[in-house]
>>> print(open('protein30.cif').read())   # mmCIF, C-alpha atoms and all ligand atoms
data_protein
#
loop_
_atom_site.label_atom_id
_atom_site.label_comp_id
_atom_site.auth_asym_id
_atom_site.auth_seq_id
_atom_site.Cartn_x
_atom_site.Cartn_y
_atom_site.Cartn_z
CA MET A 1 11.21 12.37 2.84
CA LYS A 2 8.07 12.04 0.74
CA LEU A 3 7.75 8.54 -0.66
CA LEU A 4 5.16 6.87 -2.81
CA PHE A 5 4.78 3.08 -3.01
CA LEU A 6 3.32 1.63 -6.19
CA GLY A 7 2.56 -1.97 -7.00
CA SER A 8 -0.20 -4.48 -7.44
CA PRO A 9 -2.46 -5.30 -4.48
CA GLY A 10 -0.78 -7.97 -2.38
CA VAL A 11 2.74 -7.32 -3.56
CA GLY A 12 3.73 -6.49 0.01
CA LYS A 13 4.07 -2.72 -0.24
CA GLY A 14 1.86 -2.20 2.82
CA THR A 15 4.01 -4.55 4.87
CA TYR A 16 7.24 -2.85 3.78
CA ALA A 17 5.71 0.56 4.40
CA GLN A 18 4.79 -0.50 7.94
CA VAL A 19 8.40 -1.49 8.70
CA LEU A 20 9.93 1.55 6.96
CA THR A 21 7.78 4.03 8.82
CA GLU A 22 9.59 2.90 12.01
CA VAL A 23 13.03 3.08 10.37
CA LEU A 24 12.50 6.47 8.72
CA ARG A 25 10.22 7.94 11.43
CA ILE A 26 7.61 9.15 9.00
CA PRO A 27 3.97 8.00 8.93
CA GLN A 28 2.52 5.54 6.47
CA ILE A 29 -0.58 6.87 4.76
CA SER A 30 -2.63 3.93 3.58
CA THR A 31 -5.73 5.13 1.77
CA GLY A 32 -7.21 1.64 2.18
CA ASP A 33 -6.87 2.01 5.98
CA LEU A 34 -8.32 5.54 5.89
CA LEU A 35 -11.34 4.26 3.95
CA ARG A 36 -11.80 1.23 6.22
CA GLU A 37 -11.84 3.64 9.19
CA GLU A 38 -14.69 5.56 7.54
CA VAL A 39 -16.59 2.31 6.98
CA LYS A 40 -16.02 1.22 10.58
CA LYS A 41 -17.21 4.56 11.94
CA GLU A 42 -20.25 4.34 9.66
CA THR A 43 -19.81 7.93 8.45
CA THR A 44 -21.81 9.02 5.39
CA LEU A 45 -18.72 8.48 3.29
CA GLY A 46 -18.17 5.08 4.89
CA LYS A 47 -21.69 3.94 4.05
CA ASN A 48 -21.29 5.08 0.43
CA ILE A 49 -17.99 3.34 -0.21
CA ASN A 50 -18.48 0.03 1.59
CA GLU A 51 -19.98 -1.80 -1.41
CA ILE A 52 -17.38 -0.36 -3.79
CA MET A 53 -14.60 -1.66 -1.57
CA ILE A 54 -16.11 -5.12 -1.11
CA ARG A 55 -16.31 -5.48 -4.90
CA GLY A 56 -12.66 -4.45 -5.12
CA GLU A 57 -13.49 -1.42 -7.27
CA LEU A 58 -12.06 2.08 -6.95
CA VAL A 59 -13.55 4.86 -4.86
CA PRO A 60 -14.08 8.01 -7.03
CA ASP A 61 -11.03 10.22 -7.58
CA ASP A 62 -12.51 13.43 -6.16
CA ILE A 63 -13.28 11.71 -2.84
CA MET A 64 -9.79 10.23 -2.71
CA ILE A 65 -8.01 13.51 -3.47
CA LYS A 66 -9.99 15.32 -0.76
CA LEU A 67 -9.23 12.54 1.73
CA ILE A 68 -5.50 12.55 1.03
CA LYS A 69 -5.25 16.35 1.10
CA ASN A 70 -6.87 16.37 4.50
CA ARG A 71 -4.58 13.61 5.84
CA MET A 72 -1.43 15.35 4.56
CA SER A 73 -2.34 18.60 6.24
CA GLN A 74 -1.96 16.91 9.62
CA LYS A 75 1.08 17.67 11.76
CA ASP A 76 2.71 14.24 11.64
CA CYS A 77 3.21 14.59 7.87
CA GLN A 78 5.45 17.68 8.17
CA ASN A 79 8.70 15.73 7.71
CA GLY A 80 7.35 13.39 5.07
CA PHE A 81 5.31 10.23 4.70
CA ILE A 82 4.97 6.98 2.81
CA LEU A 83 1.96 6.93 0.53
CA ASP A 84 0.62 3.41 0.23
CA GLY A 85 -2.32 2.84 -2.11
CA PHE A 86 -2.55 6.35 -3.50
CA PRO A 87 -2.58 7.41 -6.31
CA ARG A 88 -4.31 4.59 -8.15
CA THR A 89 -5.32 6.49 -11.30
CA LEU A 90 -3.70 9.12 -13.53
CA ASN A 91 -6.28 11.61 -12.33
CA GLN A 92 -5.26 11.02 -8.72
CA ALA A 93 -1.59 11.39 -9.69
CA GLU A 94 -2.33 14.79 -11.25
CA GLY A 95 -4.29 15.77 -8.13
CA LEU A 96 -1.36 14.75 -5.94
CA LYS A 97 1.07 16.80 -8.02
CA ASP A 98 -0.95 19.90 -7.18
CA ILE A 99 -0.71 19.17 -3.46
CA VAL A 100 2.89 18.05 -2.87
CA LYS A 101 6.23 17.19 -4.50
CA ILE A 102 7.15 13.51 -4.12
CA ASP A 103 10.86 12.57 -3.74
CA HIS A 104 10.85 8.90 -4.85
CA VAL A 105 8.31 6.46 -6.27
CA LEU A 106 9.12 2.83 -5.41
CA ASN A 107 7.46 0.35 -7.74
CA PHE A 108 7.16 -3.14 -6.19
CA LYS A 109 6.80 -6.10 -8.54
CA ALA A 110 6.05 -9.82 -8.12
CA ASN A 111 4.23 -12.31 -10.35
CA ASP A 112 0.43 -12.90 -10.22
CA GLU A 113 0.78 -16.37 -8.74
CA VAL A 114 2.72 -15.09 -5.75
CA ILE A 115 0.26 -12.23 -5.35
CA ILE A 116 -2.95 -14.30 -5.47
CA GLU A 117 -1.51 -16.83 -3.04
CA ARG A 118 -0.42 -14.06 -0.72
CA LEU A 119 -3.62 -12.01 -0.87
CA SER A 120 -5.90 -14.95 -0.27
CA GLY A 121 -3.95 -15.87 2.86
CA ARG A 122 -3.68 -12.37 4.28
CA ILE A 123 -5.02 -11.53 7.74
CA THR A 124 -5.14 -8.04 9.17
CA CYS A 125 -5.42 -6.61 12.70
CA LYS A 126 -8.80 -4.95 13.36
CA LYS A 127 -7.22 -2.44 15.71
CA CYS A 128 -3.82 -1.39 14.31
CA SER A 129 -3.98 -2.78 10.72
CA THR A 130 -0.77 -4.80 11.03
CA ILE A 131 -0.67 -7.39 8.25
CA TYR A 132 0.05 -11.13 8.80
CA HIS A 133 -0.22 -14.16 6.59
CA LYS A 134 -1.87 -17.53 7.32
CA THR A 135 1.19 -19.48 6.20
CA GLY A 136 4.12 -17.06 5.85
CA ASN A 137 4.21 -14.31 8.40
CA LYS A 138 2.07 -15.87 11.15
CA PRO A 139 1.29 -14.11 14.45
CA LYS A 140 2.75 -15.74 17.59
CA LYS A 141 -0.75 -16.59 18.83
CA GLU A 142 -3.37 -17.57 16.25
CA GLY A 143 -5.94 -14.84 15.61
CA VAL A 144 -4.23 -12.28 17.86
CA CYS A 145 -2.03 -9.33 16.85
CA ASP A 146 1.55 -9.52 18.22
CA LYS A 147 1.76 -5.74 18.48
CA CYS A 148 -1.49 -4.67 20.14
CA GLY A 149 -3.42 -7.85 21.02
CA GLY A 150 -6.18 -6.89 18.54
CA GLU A 151 -8.31 -9.47 16.76
CA LEU A 152 -7.09 -10.64 13.32
CA PHE A 153 -9.54 -11.01 10.44
CA GLU A 154 -9.66 -11.71 6.71
CA ARG A 155 -10.74 -8.63 4.76
CA ASP A 156 -13.89 -9.13 2.62
CA ASP A 157 -11.97 -7.86 -0.39
CA ASP A 158 -9.22 -10.45 0.18
CA LYS A 159 -11.65 -13.23 -0.87
CA LEU A 160 -10.72 -14.77 -4.23
CA ALA A 161 -13.33 -13.21 -6.62
CA SER A 162 -12.59 -9.75 -5.31
CA VAL A 163 -8.83 -10.35 -5.48
CA LYS A 164 -9.09 -11.12 -9.20
CA ASN A 165 -11.16 -7.98 -9.73
CA ARG A 166 -8.60 -5.88 -7.86
CA LEU A 167 -5.78 -7.28 -9.99
CA ASP A 168 -7.70 -6.48 -13.22
CA ILE A 169 -8.40 -2.94 -12.07
CA TYR A 170 -4.78 -2.52 -11.08
CA LYS A 171 -3.64 -3.54 -14.57
CA LYS A 172 -6.10 -1.19 -16.29
CA LYS A 173 -6.02 1.89 -14.08
CA THR A 174 -2.95 1.87 -11.88
CA LYS A 175 -0.24 0.35 -14.08
CA PRO A 176 -0.17 3.45 -16.35
CA LEU A 177 1.26 5.27 -13.33
CA ILE A 178 4.53 3.39 -13.89
CA ASP A 179 5.01 5.25 -17.20
CA TYR A 180 3.79 8.47 -15.65
CA TYR A 181 6.38 8.41 -12.85
CA THR A 182 9.12 7.12 -15.16
CA LYS A 183 8.59 10.23 -17.28
CA GLU A 184 8.70 12.35 -14.12
CA GLY A 185 12.09 10.75 -13.39
CA LEU A 186 10.97 9.43 -10.01
CA LEU A 187 10.51 5.71 -10.51
CA VAL A 188 12.63 3.10 -8.70
CA GLU A 189 12.00 -0.57 -9.61
CA ILE A 190 11.99 -3.31 -6.97
CA THR A 191 11.33 -6.91 -8.01
CA ILE A 192 10.59 -9.24 -5.13
CA ASN A 193 11.26 -12.87 -6.08
CA LYS A 194 10.65 -14.59 -2.75
CA PRO A 195 7.93 -14.66 -0.06
CA ILE A 196 8.07 -11.65 2.23
CA SER A 197 8.81 -13.76 5.30
CA GLU A 198 12.13 -14.88 3.74
CA ILE A 199 13.21 -11.61 2.25
CA ARG A 200 11.87 -8.81 4.42
CA GLU A 201 15.15 -7.68 6.06
CA LYS A 202 16.98 -7.69 2.74
CA VAL A 203 14.30 -5.54 1.11
CA ILE A 204 14.35 -3.00 3.94
CA THR A 205 18.17 -2.77 3.84
CA LYS A 206 18.19 -2.28 0.05
CA ILE A 207 15.52 0.42 0.19
CA ASN A 208 17.34 2.16 3.02
CA ASP A 209 20.66 2.07 1.14
CA TYR A 210 18.96 3.57 -1.89
CA LEU A 211 17.27 6.34 0.08
CA CYS A 212 20.57 7.21 1.83
CA GLY A 213 22.24 7.51 -1.58
CA LYS A 214 24.53 4.47 -1.02
CA THR A 215 23.20 2.77 -4.18
CA LYS A 216 21.80 4.15 -7.42
CA LYS A 217 19.15 1.48 -8.03
CA ILE A 218 17.43 -1.46 -6.32
CA GLY A 219 16.33 -3.96 -9.01
CA GLU A 220 15.78 -7.67 -8.26
CA ILE A 221 15.87 -9.01 -4.72
CA ASN A 222 16.23 -12.79 -4.33
P1 LIG B 1 -5.94 -1.30 -0.14
O1 LIG B 1 -5.98 -1.51 1.34
O2 LIG B 1 -4.92 -0.29 -0.56
O3 LIG B 1 -5.81 -2.60 -0.90
O4 LIG B 1 -7.37 -0.67 -0.56
C1 LIG B 1 -8.56 -1.37 -0.34
C2 LIG B 1 -9.66 -0.78 -1.21
O5 LIG B 1 -9.88 0.60 -0.88
C3 LIG B 1 -9.39 -0.79 -2.70
O6 LIG B 1 -9.68 -2.04 -3.32
C4 LIG B 1 -10.33 0.33 -3.18
O7 LIG B 1 -11.68 -0.11 -3.18
C5 LIG B 1 -10.18 1.36 -2.03
N1 LIG B 1 -9.08 2.31 -2.29
C6 LIG B 1 -7.91 2.44 -1.58
N2 LIG B 1 -7.13 3.39 -2.07
C7 LIG B 1 -7.79 3.89 -3.15
C8 LIG B 1 -7.50 4.90 -4.11
N3 LIG B 1 -6.34 5.59 -4.08
N4 LIG B 1 -8.43 5.15 -5.07
C9 LIG B 1 -9.59 4.48 -5.12
N5 LIG B 1 -9.93 3.51 -4.26
C10 LIG B 1 -9.05 3.20 -3.26
#
>>> encode(input="protein30.cif", output="structure tokens", more="lines below")
Ligand code: AMP
Amino acid sequence: MKLLFLGSPGVGKGTYAQVLTEVLRIPQISTGDLLREEVKKETTLGKNINEIMIRGELVPDDIMIKLIKNRMSQKDCQNGFILDGFPRTLNQAEGLKDIVKIDHVLNFKANDEVIIERLSGRITCKKCSTIYHKTGNKPKKEGVCDKCGGELFERDDDKLASVKNRLDIYKKKTKPLIDYYTKEGLLVEITINKPISEIREKVITKINDYLCGKTKKIGEIN
């Protein structure tokens, strides 16, 4: 199954993708993680995009399309994947259409207040990219990943100024994708009204039911 997760930064789509990849046995492709890998490895690409990412701006479309094409050609994507963070512009969506046919686009929604609070408290594992939260979804031991023991850190682009910039860019460049995928007949709306820690299981069950054909829509989850 080829899934695409849309939604503002910090809405929780990465967290839900991480859980669903285990349920559905397909990989999560997070373009943010792919780019952070490049930065960590200090490749030429990594050096060029580091500043862009810290400012919360978008990496150019041609680079992103090449990166995603390369990732999708790998063996583990044969039975499908969850795209998380790509596409982020109409240009990228057109590029994706030339590469693969997506089955469902899940659009996650939550209000700005919830998102800013969540993003500014987010901590991520340096090793396996698992996402935690300083107040909600805390690791068992402070600063240490439950899954792999890796060190947890706050991403530079999760600092407040950058968060606001990312939200603005999302509204300008990525939101038009909602219309785009509605017209393509692929869009499924999910409105999350509670913190992830309280609602996670419910969200996963509802998504699963939808993907299995048990329900025709998802809508609001309280
Ligand atoms: P994320 O982890 O998805 O929040 O992405 C972190 C940062 O990586 C973004 O703020 C952008 O700078 C960059 N990025 C990730 N995905 C894309 C994309 N599809 N197009 C452009 N830039 C991206």
>>> residues_near_ligand(input="protein30.cif", ligand="ligand LIG 1 (chain B)", cutoff="8 Å", atoms="only C-alpha atoms and all ligand atoms", output="PyMOL selection string")
chain A and resi 9-10+14+30-33+35-36+49+52-61+64+84-89+92+157+166
>>> write_last_selection(input="protein30.cif", atoms="C-alpha atoms", output="mmCIF file, in the coordinates of the input")
data_model
loop_
_atom_site.group_PDB
_atom_site.id
_atom_site.type_symbol
_atom_site.label_atom_id
_atom_site.label_comp_id
_atom_site.auth_asym_id
_atom_site.auth_seq_id
_atom_site.Cartn_x
_atom_site.Cartn_y
_atom_site.Cartn_z
ATOM 1 C CA PRO A 9 -2.460 -5.300 -4.480
ATOM 2 C CA GLY A 10 -0.780 -7.970 -2.380
ATOM 3 C CA GLY A 14 1.860 -2.200 2.820
ATOM 4 C CA SER A 30 -2.630 3.930 3.580
ATOM 5 C CA THR A 31 -5.730 5.130 1.770
ATOM 6 C CA GLY A 32 -7.210 1.640 2.180
ATOM 7 C CA ASP A 33 -6.870 2.010 5.980
ATOM 8 C CA LEU A 35 -11.340 4.260 3.950
ATOM 9 C CA ARG A 36 -11.800 1.230 6.220
ATOM 10 C CA ILE A 49 -17.990 3.340 -0.210
ATOM 11 C CA ILE A 52 -17.380 -0.360 -3.790
ATOM 12 C CA MET A 53 -14.600 -1.660 -1.570
ATOM 13 C CA ILE A 54 -16.110 -5.120 -1.110
ATOM 14 C CA ARG A 55 -16.310 -5.480 -4.900
ATOM 15 C CA GLY A 56 -12.660 -4.450 -5.120
ATOM 16 C CA GLU A 57 -13.490 -1.420 -7.270
ATOM 17 C CA LEU A 58 -12.060 2.080 -6.950
ATOM 18 C CA VAL A 59 -13.550 4.860 -4.860
ATOM 19 C CA PRO A 60 -14.080 8.010 -7.030
ATOM 20 C CA ASP A 61 -11.030 10.220 -7.580
ATOM 21 C CA MET A 64 -9.790 10.230 -2.710
ATOM 22 C CA ASP A 84 0.620 3.410 0.230
ATOM 23 C CA GLY A 85 -2.320 2.840 -2.110
ATOM 24 C CA PHE A 86 -2.550 6.350 -3.500
ATOM 25 C CA PRO A 87 -2.580 7.410 -6.310
ATOM 26 C CA ARG A 88 -4.310 4.590 -8.150
ATOM 27 C CA THR A 89 -5.320 6.490 -11.300
ATOM 28 C CA GLN A 92 -5.260 11.020 -8.720
ATOM 29 C CA ASP A 157 -11.970 -7.860 -0.390
ATOM 30 C CA ARG A 166 -8.600 -5.880 -7.860
#
>>> closest_residue(input="protein30.cif", among="A:Ile192, A:Ile169, A:Leu83, A:Leu177", to="Ile115 (chain A)", atoms="all atoms listed in the file")
A:Ile192
>>> atom_distance(input="protein30.cif", atom1="CA of Lys202 (chain A)", atom2="CA of Cys148 (chain A)")
25.6 Å
>>> closest_atom_pairs(input="protein30.cif", of="region 85-164 of chain A", to="region 203-213 of chain A", cutoff="12 Å", atoms="only C-alpha atoms", output="Markdown table")
| residue | atom | partner | partner_atom | distance |
| --- | --- | --- | --- | --- |
| A:Asp103 | CA | A:Leu211 | CA | 9.7 |
| A:His104 | CA | A:Leu211 | CA | 8.5 |
| A:Val105 | CA | A:Leu211 | CA | 11.0 |
| A:Leu106 | CA | A:Ile207 | CA | 8.8 |
| A:Asn107 | CA | A:Ile207 | CA | 11.3 |
| A:Phe108 | CA | A:Val203 | CA | 10.5 |
>>> residues_around(input="protein30.cif", residues="Val100 (chain A)", least_positions_apart="6", cutoff="10 Å", atoms="all atoms listed in the file", output="PyMOL selection string")
chain A and resi 2+69+72
>>> write_last_selection(input="protein30.cif", atoms="C-alpha atoms", output="compact mmCIF listing (two decimals), keeping the file's coordinate frame")
# COMPACT_ATOMS: atom_id res chain seq x y z
CA LYS A 2 8.07 12.04 0.74
CA LYS A 69 -5.25 16.35 1.10
CA MET A 72 -1.43 15.35 4.56
>>> atom_distance(input="protein30.cif", atom1="CA of Lys216 (chain A)", atom2="CA of Ala93 (chain A)")
24.6 Å
>>> atom_distance(input="protein30.cif", atom1="CA of Leu3 (chain A)", atom2="CA of Lys101 (chain A)")
9.6 Å
>>> residues_around(input="protein30.cif", residues="Tyr170 (chain A)", least_positions_apart="2", cutoff="9 Å", atoms="only C-alpha atoms", output="list in words")
Gly7, Ser8, Pro9, Arg88, Asn165, Arg166, Leu167, Asp168, Lys172, Lys173, Thr174 and Lys175 of chain A
>>> closest_residue(input="protein30.cif", among="A:Ser162, A:Thr124, A:Asn137, A:Thr182", to="Arg200 (chain A)", atoms="all atoms listed in the file")
A:Asn137
>>> closest_residue(input="protein30.cif", among="A:His133, A:Lys141, A:Tyr181, A:Asp158", to="Ser197 (chain A)", atoms="only C-alpha atoms")
A:His133
>>> closest_residue(input="protein30.cif", among="A:Lys97, A:Lys109, A:Lys183, A:Lys134", to="Ile68 (chain A)", atoms="only C-alpha atoms")
A:Lys97
>>> closest_residue(input="protein30.cif", among="A:Ile82, A:Leu34, A:Val23, A:Glu198", to="Met1 (chain A)", atoms="all atoms listed in the file")
A:Ile82
>>> closest_residue(input="protein30.cif", among="A:Leu4, A:Val39, A:Leu20, A:Val144", to="Leu96 (chain A)", atoms="all atoms listed in the file")
A:Leu4
>>> build_atoms(input="protein30.cif", residues="region 162-189 of chain A", atoms="N, CA and C atoms", output="JSON list (two decimals), keeping the file's coordinate frame")
[["chain", "number", "residue", "atom", "x", "y", "z"],
["A", 162, "SER", "N", -12.93, -11.16, -5.43],
["A", 162, "SER", "CA", -12.59, -9.75, -5.31],
["A", 162, "SER", "C", -11.10, -9.52, -5.61],
["A", 163, "VAL", "N", -10.27, -10.46, -5.22],
["A", 163, "VAL", "CA", -8.83, -10.35, -5.48],
["A", 163, "VAL", "C", -8.59, -10.26, -6.98],
["A", 164, "LYS", "N", -9.28, -11.13, -7.74],
["A", 164, "LYS", "CA", -9.09, -11.12, -9.20],
["A", 164, "LYS", "C", -9.52, -9.78, -9.78],
["A", 165, "ASN", "N", -10.66, -9.27, -9.28],
["A", 165, "ASN", "CA", -11.16, -7.98, -9.73],
["A", 165, "ASN", "C", -10.14, -6.87, -9.43],
["A", 166, "ARG", "N", -9.57, -6.91, -8.24],
["A", 166, "ARG", "CA", -8.60, -5.88, -7.86],
["A", 166, "ARG", "C", -7.36, -5.94, -8.76],
["A", 167, "LEU", "N", -6.96, -7.16, -9.12],
["A", 167, "LEU", "CA", -5.78, -7.28, -9.99],
["A", 167, "LEU", "C", -6.08, -6.73, -11.39],
["A", 168, "ASP", "N", -7.31, -7.01, -11.90],
["A", 168, "ASP", "CA", -7.70, -6.48, -13.22],
["A", 168, "ASP", "C", -7.70, -4.96, -13.21],
["A", 169, "ILE", "N", -8.32, -4.40, -12.17],
["A", 169, "ILE", "CA", -8.40, -2.94, -12.07],
["A", 169, "ILE", "C", -7.00, -2.34, -11.95],
["A", 170, "TYR", "N", -6.16, -3.02, -11.21],
["A", 170, "TYR", "CA", -4.78, -2.52, -11.08],
["A", 170, "TYR", "C", -4.13, -2.44, -12.47],
["A", 171, "LYS", "N", -4.29, -3.51, -13.25],
["A", 171, "LYS", "CA", -3.64, -3.54, -14.57],
["A", 171, "LYS", "C", -4.17, -2.42, -15.47],
["A", 172, "LYS", "N", -5.50, -2.20, -15.40],
["A", 172, "LYS", "CA", -6.10, -1.19, -16.29],
["A", 172, "LYS", "C", -5.81, 0.23, -15.83],
["A", 173, "LYS", "N", -6.02, 0.49, -14.54],
["A", 173, "LYS", "CA", -6.02, 1.89, -14.08],
["A", 173, "LYS", "C", -4.73, 2.34, -13.40],
["A", 174, "THR", "N", -4.07, 1.43, -12.69],
["A", 174, "THR", "CA", -2.95, 1.87, -11.88],
["A", 174, "THR", "C", -1.60, 1.67, -12.58],
["A", 175, "LYS", "N", -1.52, 0.62, -13.40],
["A", 175, "LYS", "CA", -0.24, 0.35, -14.08],
["A", 175, "LYS", "C", 0.26, 1.53, -14.92],
["A", 176, "PRO", "N", -0.65, 2.28, -15.59],
["A", 176, "PRO", "CA", -0.17, 3.45, -16.35],
["A", 176, "PRO", "C", 0.64, 4.44, -15.51],
["A", 177, "LEU", "N", 0.49, 4.36, -14.19],
["A", 177, "LEU", "CA", 1.26, 5.27, -13.33],
["A", 177, "LEU", "C", 2.76, 4.97, -13.39],
["A", 178, "ILE", "N", 3.10, 3.74, -13.79],
["A", 178, "ILE", "CA", 4.53, 3.39, -13.89],
["A", 178, "ILE", "C", 5.18, 4.27, -14.97],
["A", 179, "ASP", "N", 4.49, 4.38, -16.12],
["A", 179, "ASP", "CA", 5.01, 5.25, -17.20],
["A", 179, "ASP", "C", 5.02, 6.71, -16.75],
["A", 180, "TYR", "N", 3.94, 7.08, -16.10],
["A", 180, "TYR", "CA", 3.79, 8.47, -15.65],
["A", 180, "TYR", "C", 4.98, 8.88, -14.76],
["A", 181, "TYR", "N", 5.31, 8.03, -13.76],
["A", 181, "TYR", "CA", 6.38, 8.41, -12.85],
["A", 181, "TYR", "C", 7.78, 8.15, -13.44],
["A", 182, "THR", "N", 7.84, 7.28, -14.46],
["A", 182, "THR", "CA", 9.12, 7.12, -15.16],
["A", 182, "THR", "C", 9.42, 8.43, -15.88],
["A", 183, "LYS", "N", 8.40, 8.97, -16.55],
["A", 183, "LYS", "CA", 8.59, 10.23, -17.28],
["A", 183, "LYS", "C", 8.95, 11.37, -16.32],
["A", 184, "GLU", "N", 8.39, 11.31, -15.11],
["A", 184, "GLU", "CA", 8.70, 12.35, -14.12],
["A", 184, "GLU", "C", 10.11, 12.16, -13.53],
["A", 185, "GLY", "N", 10.74, 11.02, -13.88],
["A", 185, "GLY", "CA", 12.09, 10.75, -13.39],
["A", 185, "GLY", "C", 12.13, 10.32, -11.93],
["A", 186, "LEU", "N", 11.03, 9.76, -11.43],
["A", 186, "LEU", "CA", 10.97, 9.43, -10.01],
["A", 186, "LEU", "C", 10.96, 7.94, -9.71],
["A", 187, "LEU", "N", 10.80, 7.12, -10.76],
["A", 187, "LEU", "CA", 10.51, 5.71, -10.51],
["A", 187, "LEU", "C", 11.75, 4.87, -10.15],
["A", 188, "VAL", "N", 11.60, 4.05, -9.12],
["A", 188, "VAL", "CA", 12.63, 3.10, -8.70],
["A", 188, "VAL", "C", 12.00, 1.72, -8.73],
["A", 189, "GLU", "N", 12.60, 0.77, -9.49],
["A", 189, "GLU", "CA", 12.00, -0.57, -9.61],
["A", 189, "GLU", "C", 12.52, -1.51, -8.52]]
